[in-house]
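Encoded as structure tokens, the structure appears first; notes follow it.
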Amino acid sequence: MIDPFGRHVTYLRVSVTDRCDFRCSYCMAEDMEFLPRRELLTLEELDRLCTAFIAKGVKKLRLTGGEPLVRKNIMHLVRALSRHLASGALEELTLTTNGSQLARHAAELAACGVRRINVSLDTLDARKFRDITRRGDLDGVMAGIDAAQAAGIAIKINAVALKGFNDAEIPAMLRWSHGRGMDFTLIETMPMGEIDADRTDQYLPLSAVRDQLSRAFTLTDIPLRTGGPARYVEVKETGGRLGFITPLTHNFCEGCNRVRLTCTGTLYMCLGQDDAADLRAPLRASESDEPLLAAIDEAIGRKPKGHDFVIDRATKRPAVARHMSVTGG
Ligand code: SAM
């Protein structure tokens with residue numbers, strides 16, 4: 001799959017549910033309305049869609065959400081998809097999770113060929129964790145991280161940098177992650193969906209965080225690429241890797257290799273644009289994959305050049321109306 005700007009699309013992110021057991025305040029409103037269950041594609045339909053994308057050249061597949069591990073029987077899908085790892089058609093099957101359900105699934109994920117996962121964690125302080133997630137239990141997430149590491153799964157910790165919330169804690173989180181052999185990546189808040197707070201108050205440009213960290217740590221740019229938009233530095237003092245995902249201070253669209261599928265079969269060709277393609281209708285229209293494959297080609301043919309996220313006092317509306325939980329970041 002090659003888009004109009006010559007970019008090869010080899011990475012599919014699949015949001016398997018819009019539901020989450022947390023309500024992170026920068027991500028969702030407190031009283032989120034989730035889709036009725038009957039709107040969701042079945043796990044078999046998700047498998048068929050993913051398999052079609054793999055046939056079209058997808059090499060890396062990430063399950064996300066909502067919280068992927070709260071989708072009922074999600075391990076059926078993981079088990080089914082692992083056949084593409086075994087055949088060599090797929091190079092990587094991974095997921096992004098809040099870690100809450102990881103303790104009970106880690107061993108089976110590893111057995112299915114999941115080698116690395118991203119765990120989202122914005123603070124190491126249990127009380128602040130409960131505040132930002134509006135309900136989460138930090139001990140449960142820590143047990144999940146322990147279980148994943150015990151199962152041999154490599155972990156990258158992803159933290160959204162939030163002014164006045166975790167900025168002072170970033171050096172400690174960096175030391176903690178690297179001390180446990182985990183990569184650590186910081187993400188800028190993106191203006192997606194109405195939330196109860198003002199994003200201008202939360203937005204922390206990572207250029208400023210990097211300057212701050214440079215006073216305490218020796219940061220050296222490294223060319224590491226993990227298939228995502230993060231730019232990495234090596235931290236001399238810890239020996240670990242620190243990533244920066246900077247959709248606002250540094251647009252990374254020129255290297256974009258991905259598309260995003262929702263749990264209702266809608267394909268978004270860009271995280272920061274509204275244009276989408278419905279794949280559910282062609283999927284259900286025929287037992288043959290022909291209409292589906294044609295719809296995928298048509299969608300890739302209009303993948304936009306990039307997003308134009310802005311967070312400032314003059315721009316009151318989010319860049320896109322949907323929440324991050326629709327497409328899973
Ligand atoms: N529930 C899973 C998790 O917590 O990782 C997967 C879905 S969650 C939407 C994926 C990532 O998006 C998390 O790291 C979360 O912190 C991040 N995220 C959510 N809303 C965001 C926003 N407005 N700007 C930047 N990152 C956001």
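Chain labels run A, B, ... following the order of the structure tokens; each chain numbers its residues from 1, and ligands are numbered from 1 in the order shown.
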
Excluding same-chain residues fewer than 2 positions from range 294-296 of chain A, what lies within 8 Å of it counting only C-alpha atoms, as an NGL selection string?
-> :A and (277 or 279 or 282 or 290-292 or 298-300)

Give me a file of those residues, with C-alpha atoms, as a PDB file, in the first residue's frame.
ATOM      1  CA  ALA A 277     -13.456   5.192   5.149  1.00  0.00           C
ATOM      2  CA  LEU A 279     -14.827  -0.823   5.838  1.00  0.00           C
ATOM      3  CA  PRO A 282     -17.729  -3.880   2.176  1.00  0.00           C
ATOM      4  CA  GLU A 290     -12.706  -8.273  -3.125  1.00  0.00           C
ATOM      5  CA  PRO A 291     -14.971  -5.340  -2.105  1.00  0.00           C
ATOM      6  CA  LEU A 292     -13.011  -4.918   1.129  1.00  0.00           C
ATOM      7  CA  GLU A 298      -9.463   3.630  -2.264  1.00  0.00           C
ATOM      8  CA  ALA A 299      -8.864   4.788   1.327  1.00  0.00           C
ATOM      9  CA  ILE A 300      -5.054   4.608   1.082  1.00  0.00           C
TER      10      ILE A 300
END

Env. residues ligand 1 / 7 Å / only C-alpha atoms and all ligand atoms / as a PyMOL selection string | chain A and resi 20+26-27+64-68+96-98+118-120+158-160+187-192+324-325+328-329

If we count only C-alpha atoms, what is near Met142 in chain A at a cut-off of 9 Å, once residues fewer than 5 positions away on the same chain are taken out, given as a compact mmCIF listing (two decimals) with C-alpha atoms, in the first residue's frame?
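Output below, filename selection_18.txt:
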# COMPACT_ATOMS: atom_id res chain seq x y z
CA GLY A 99 -1.73 -2.29 32.33
CA SER A 100 -4.76 -2.84 34.56
CA ALA A 103 -1.28 -9.50 35.20
CA ALA A 147 3.93 -10.13 35.12

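Counting only C-alpha atoms and comparing A:Val70, A:Ala197, A:Cys50, A:Cys253, the residue that lies closest to Pro318 in chain A is A:Ala197.
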
Pick out the residues sitting within 7 Å of Leu12 in chain A, and hand them over as a VMD selection string; count only C-alpha atoms, and ignore anything fewer than 3 positions along from it in its own chain.
-> chain A and resid 58 60 to 62 258 to 260

For range 231-241 of chain A, find every residue with an atom within 9 Å (counting only C-alpha atoms), except residues of its own chain fewer than 2 positions away, and show them as a CSV table (one decimal) with N, CA and C atoms, in the first residue's frame.
chain,number,residue,atom,x,y,z
A,174,LEU,N,11.8,8.6,34.6
A,174,LEU,CA,12.9,8.2,33.7
A,174,LEU,C,13.9,7.2,34.4
A,175,ARG,N,14.3,7.6,35.6
A,175,ARG,CA,15.2,6.7,36.4
A,175,ARG,C,14.5,5.4,36.7
A,177,SER,N,12.0,3.8,35.1
A,177,SER,CA,11.8,3.0,33.9
A,177,SER,C,13.1,2.4,33.5
A,178,HIS,N,14.2,3.2,33.4
A,178,HIS,CA,15.5,2.7,32.9
A,178,HIS,C,16.0,1.7,34.0
A,179,GLY,N,15.8,2.0,35.2
A,179,GLY,CA,16.2,1.1,36.3
A,179,GLY,C,15.6,-0.3,36.1
A,181,GLY,N,14.9,-1.6,33.2
A,181,GLY,CA,15.2,-2.1,31.8
A,181,GLY,C,14.1,-1.7,30.8
A,182,MET,N,13.3,-0.7,31.1
A,182,MET,CA,12.2,-0.3,30.2
A,182,MET,C,12.6,1.0,29.5
A,183,ASP,N,12.2,1.1,28.2
A,183,ASP,CA,12.3,2.4,27.5
A,183,ASP,C,11.3,3.3,28.1
A,184,PHE,N,11.5,4.6,27.9
A,184,PHE,CA,10.5,5.6,28.5
A,184,PHE,C,10.3,6.7,27.4
A,185,THR,N,9.0,6.9,27.1
A,185,THR,CA,8.7,7.9,26.1
A,185,THR,C,7.7,8.9,26.6
A,217,PHE,N,20.8,15.3,32.9
A,217,PHE,CA,21.2,14.1,32.1
A,217,PHE,C,21.9,14.5,30.9
A,218,THR,N,22.8,13.5,30.4
A,218,THR,CA,23.5,13.7,29.1
A,218,THR,C,22.6,13.0,28.1
A,219,LEU,N,22.0,13.7,27.2
A,219,LEU,CA,21.1,13.1,26.2
A,219,LEU,C,21.8,13.1,24.8
A,220,THR,N,21.9,12.0,24.2
A,220,THR,CA,22.5,11.9,22.9
A,220,THR,C,21.5,11.3,21.9
A,221,ASP,N,21.3,12.1,20.8
A,221,ASP,CA,20.3,11.6,19.8
A,221,ASP,C,20.8,10.3,19.2
A,222,ILE,N,19.9,9.4,19.0
A,222,ILE,CA,20.2,8.1,18.4
A,222,ILE,C,19.2,7.8,17.3
A,223,PRO,N,19.7,7.1,16.2
A,223,PRO,CA,18.8,7.0,15.1
A,223,PRO,C,17.7,5.9,15.2
A,224,LEU,N,17.5,5.4,16.5
A,224,LEU,CA,16.6,4.3,16.6
A,224,LEU,C,15.2,4.6,16.1
A,225,ARG,N,14.7,3.6,15.4
A,225,ARG,CA,13.3,3.8,14.9
A,225,ARG,C,12.5,2.5,15.2
A,228,GLY,N,7.4,3.8,15.0
A,228,GLY,CA,6.5,4.8,15.4
A,228,GLY,C,7.1,6.2,15.2
A,229,PRO,N,6.4,7.2,15.7
A,229,PRO,CA,6.9,8.6,15.5
A,229,PRO,C,7.9,9.1,16.5
A,243,GLY,N,12.3,8.5,24.6
A,243,GLY,CA,11.7,8.9,23.4
A,243,GLY,C,10.8,10.1,23.6
A,244,PHE,N,10.7,10.9,22.5
A,244,PHE,CA,9.8,12.1,22.5
A,244,PHE,C,8.8,11.9,21.3
A,245,ILE,N,7.5,12.0,21.6
A,245,ILE,CA,6.5,12.0,20.6
A,245,ILE,C,5.9,13.4,20.6
A,246,THR,N,6.2,14.2,19.5
A,246,THR,CA,6.0,15.6,19.5
A,246,THR,C,5.1,16.1,18.4
